[in-house]
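First the structure, in the form of structure tokens, and then the observations on it.
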Amino acid sequence: MLPKRSDFPKDFQFGAATSAYQIEGHQFGGAGLTHWDTFAATPGNVVRAEDGARACDHFHRWPQDLDLMAAAGFDTYRFSTSWARVMPEGRGAVNAEGLDFYDRLIDGMLARGLKPALTLYHWELPAPLADLGGWRNRDIADWFADYVQVVTARLGDRVWSAAPINEPWCVGWLSHFLGQHAPGLRDIRATAHAMHHVLLAHGRAIQVMRDAGMGNLGAVCNFEYAHPADDSPEAAQAAARYDAYYNQFFVSGLFKGEYPVEVLEGFAPHLPKGWQDDFATIRAPIDWLGLNYYTCKRIAPAPGPWPALAEVPGPLPKTAMGWEIYPEGLHHFLTWLARDYTGTLPLYVTENGMAAPDVLRAGAVDDTDRIAYFRAHLDQCLRAIAQGVPLQGYMAWSLLDNYEWALGYEKRFGLVHVDFETLQRTPKASYHAWAQALKG
Ligand code: FCB
């Protein structure tokens, strides 16, 4: 059983999250090519070279999906608009069919009593902008601001909250240093540029939305607890470096107008010229911070250039992603952020959940492991709230099984099972557990 709604403060927001490319079906409705389409079409990048062309066909089946959100008793639905669906070339011409789709989707949420929590970029960069260097090109801040302007002019009057960019670390480090996500680069200079430009684009987007009169604007960052692999000072230093570029870099920029010294050790020669002058834009005041949290890592020192570290396997039970289950890490980040960065600013858990080896049997999926995962993390939320952390909501990842990026359709995170042949939706036991917790 999950903790009940009544265990949380009044007005605590419960929700579930999805993202555009992972569920919509990008081949429908006039969307332009994205760097995920080209990344997936390149051998070796994605399991079975799967892409988001059809995904869950949410583009056509969204009424049913919103019905599922509402029937479980959720308050908010965290979703994203796809840049390439709204502007197929990334700049210039607007695809009316794309904007119309999001218009209907938002009205559909409101009609069902769901609060629309909008994210404007959840990774599907239009391919023509990738051709121009994508996140490595400083101009992306202006391209993004123009796109945000178009979306907010049409939808801004009806969304409950808005965040420009999902998980800057993944946009920057995972995609440009580790090469595991599109555009699949492995280059420190590309990484430093992308990580800075993501923050600049965030700040420009906040300005645009603020000028348009929108409120409840935030940022969504992901966090991973870094355990030193052993008791040596070298392991402690390696874990501190990991923590700095993963957990501190973006919140330092957003809330302190600086980058951590441990990151500058590696990044200083590679950041774009004049980066220090951009903090006035980057620090545009926001109304809340969202945390995406899944796991912890064990970090050991390793030979080679900065950051000179390696991940080693840990002892805790793991999800189907191979990620250790470490709910205490969520408590750590909630209290650490409130203490060192955000103070009284509202916090939201904007993603948390697990991939499990779900089996559909006789029209049901008995994902008790997922229920236990949610319960353990919700308990840590309650612990942080009791200690005074201004946590105001929690959103499960994800409403539906979906396109899990480089892992294709193999890893299932949904509260609702999706058969990727028939596209049939089947609520799992975890969905029913949420409904029971929220509706009593
Ligand atoms: C997060 C992403 C989300 C999903 C989950 C499992 O990093 O924001 O799209 O892939 O991980």
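FYI, nothing fancy with the structure tokens labels: chains A, B, ... in order, residues from 1 per chain, ligands from 1 as they appear.
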Need to verify the contact set: region 18-24 of chain A, 9 Å, only C-alpha atoms, exclusion of same-chain residues closer than 6 positions in sequence. Can you return it as a PyMOL selection string? chain A and resi 36+51-62+77-82+119+121-124+397-405
Determine, counting only C-alpha atoms, which protein, DNA and RNA residues have an atom within 10 Å of an atom of His181 (chain A); residues of the same chain fewer than 5 positions away are not included. Present the result as a compact mmCIF listing (two decimals) with N, CA, C and O atoms, in the first residue's frame.
```txt
# COMPACT_ATOMS: atom_id res chain seq x y z
N HIS A 35 16.89 15.05 -33.57
CA HIS A 35 18.18 14.35 -33.44
C HIS A 35 18.01 12.96 -32.83
O HIS A 35 18.89 12.13 -32.97
N TRP A 36 16.87 12.68 -32.19
CA TRP A 36 16.64 11.31 -31.71
C TRP A 36 16.31 10.38 -32.88
O TRP A 36 16.66 9.19 -32.84
N PHE A 39 19.78 9.78 -34.43
CA PHE A 39 20.59 9.00 -33.49
C PHE A 39 20.16 7.53 -33.53
O PHE A 39 21.00 6.62 -33.61
N ALA A 40 18.82 7.32 -33.50
CA ALA A 40 18.29 5.95 -33.49
C ALA A 40 18.55 5.25 -34.82
O ALA A 40 18.67 4.02 -34.88
N ASN A 45 23.39 2.72 -31.54
CA ASN A 45 23.02 3.73 -30.54
C ASN A 45 21.85 3.32 -29.65
O ASN A 45 21.83 3.65 -28.47
N VAL A 46 20.86 2.68 -30.26
CA VAL A 46 19.62 2.39 -29.53
C VAL A 46 19.31 0.90 -29.68
O VAL A 46 19.50 0.32 -30.76
N TRP A 123 14.06 16.86 -24.84
CA TRP A 123 15.14 16.22 -25.58
C TRP A 123 15.00 16.05 -27.07
O TRP A 123 15.95 15.59 -27.72
N CYS A 170 21.32 15.62 -18.43
CA CYS A 170 21.21 14.66 -19.54
C CYS A 170 21.43 15.35 -20.88
O CYS A 170 22.09 14.81 -21.77
N VAL A 171 20.88 16.56 -21.00
CA VAL A 171 21.07 17.32 -22.25
C VAL A 171 22.57 17.59 -22.44
O VAL A 171 23.09 17.51 -23.55
N GLY A 172 23.26 17.90 -21.35
CA GLY A 172 24.68 18.25 -21.44
C GLY A 172 25.58 17.03 -21.37
O GLY A 172 26.12 16.56 -22.38
N TRP A 173 25.73 16.48 -20.18
CA TRP A 173 26.75 15.47 -19.92
C TRP A 173 26.45 14.13 -20.59
O TRP A 173 27.30 13.54 -21.27
N LEU A 174 25.25 13.62 -20.38
CA LEU A 174 24.92 12.30 -20.90
C LEU A 174 24.99 12.26 -22.43
O LEU A 174 25.36 11.25 -23.03
N SER A 175 24.67 13.39 -23.05
CA SER A 175 24.55 13.45 -24.51
C SER A 175 25.82 13.93 -25.21
O SER A 175 26.01 13.65 -26.39
N HIS A 176 26.68 14.67 -24.49
CA HIS A 176 27.87 15.25 -25.12
C HIS A 176 29.19 14.76 -24.54
O HIS A 176 30.25 14.96 -25.12
N TRP A 405 14.33 5.91 -24.56
CA TRP A 405 15.53 6.46 -25.18
C TRP A 405 16.44 5.36 -25.74
O TRP A 405 15.98 4.52 -26.49
N ALA A 406 17.70 5.36 -25.34
CA ALA A 406 18.67 4.43 -25.93
C ALA A 406 18.31 2.96 -25.64
O ALA A 406 18.85 2.06 -26.27
```
Return the single residue from A:Leu264, A:Leu199, A:Ala145, A:Met395 that is closest to ligand 1, with distances computed using only C-alpha atoms and all ligand atoms. A:Met395
So that I can see what lies close to Pro327 (chain A), please list as an mmCIF file with all heavy atoms, in the first residue's frame the residues with an atom at most 7 Å from it, counting only C-alpha atoms and leaving out residues fewer than 6 positions away in the same chain.
```cif
data_model
loop_
_atom_site.group_PDB
_atom_site.id
_atom_site.type_symbol
_atom_site.label_atom_id
_atom_site.label_comp_id
_atom_site.auth_asym_id
_atom_site.auth_seq_id
_atom_site.Cartn_x
_atom_site.Cartn_y
_atom_site.Cartn_z
ATOM 1 N N ALA A 376 8.599 3.438 -0.683
ATOM 2 C CA ALA A 376 9.847 3.794 -0.005
ATOM 3 C C ALA A 376 10.236 5.244 -0.286
ATOM 4 O O ALA A 376 10.730 5.954 0.595
ATOM 5 C CB ALA A 376 10.957 2.848 -0.450
ATOM 6 N N HIS A 377 10.017 5.698 -1.512
ATOM 7 C CA HIS A 377 10.383 7.083 -1.845
ATOM 8 C C HIS A 377 9.376 8.081 -1.289
ATOM 9 O O HIS A 377 9.759 9.167 -0.851
ATOM 10 C CB HIS A 377 10.576 7.221 -3.362
ATOM 11 C CG HIS A 377 11.832 6.542 -3.842
ATOM 12 N ND1 HIS A 377 11.898 5.180 -4.072
ATOM 13 C CD2 HIS A 377 13.079 7.028 -4.088
ATOM 14 C CE1 HIS A 377 13.128 4.860 -4.450
ATOM 15 N NE2 HIS A 377 13.875 5.962 -4.472
ATOM 16 N N GLN A 380 10.228 8.774 2.218
ATOM 17 C CA GLN A 380 11.327 9.747 2.358
ATOM 18 C C GLN A 380 10.829 11.169 2.122
ATOM 19 O O GLN A 380 11.341 12.122 2.707
ATOM 20 C CB GLN A 380 12.464 9.410 1.388
ATOM 21 C CG GLN A 380 13.132 8.067 1.672
ATOM 22 C CD GLN A 380 13.847 8.021 3.013
ATOM 23 O OE1 GLN A 380 14.322 9.046 3.516
ATOM 24 N NE2 GLN A 380 13.929 6.836 3.608
#
```
One decimal, Å: what's the distance from CA of Gly257 (chain A) over to CA of Asn292 (chain A), could you say? 21.7 Å
Do a neighbour search on region 282-285 of chain A at 12 Å with only C-alpha atoms, toss out local chain neighbours closer than 6 positions, and write the hits as an MDAnalysis selection string. chainID A and resid 141 164 195:211 215:219 250:259 275:276 342 345
For ligand 1, the nearest of the candidates A:His432, A:Arg5, A:Lys411, A:His331, counting only C-alpha atoms and all ligand atoms: A:Lys411
Might you pull out every residue within 12 Å of Asp100 (chain A), with only C-alpha atoms counted and same-chain residues fewer than 2 positions away left off, and present them as a VMD selection string? chain A and resid 29 to 30 59 81 85 to 86 94 to 98 102 to 107 151 154 to 155
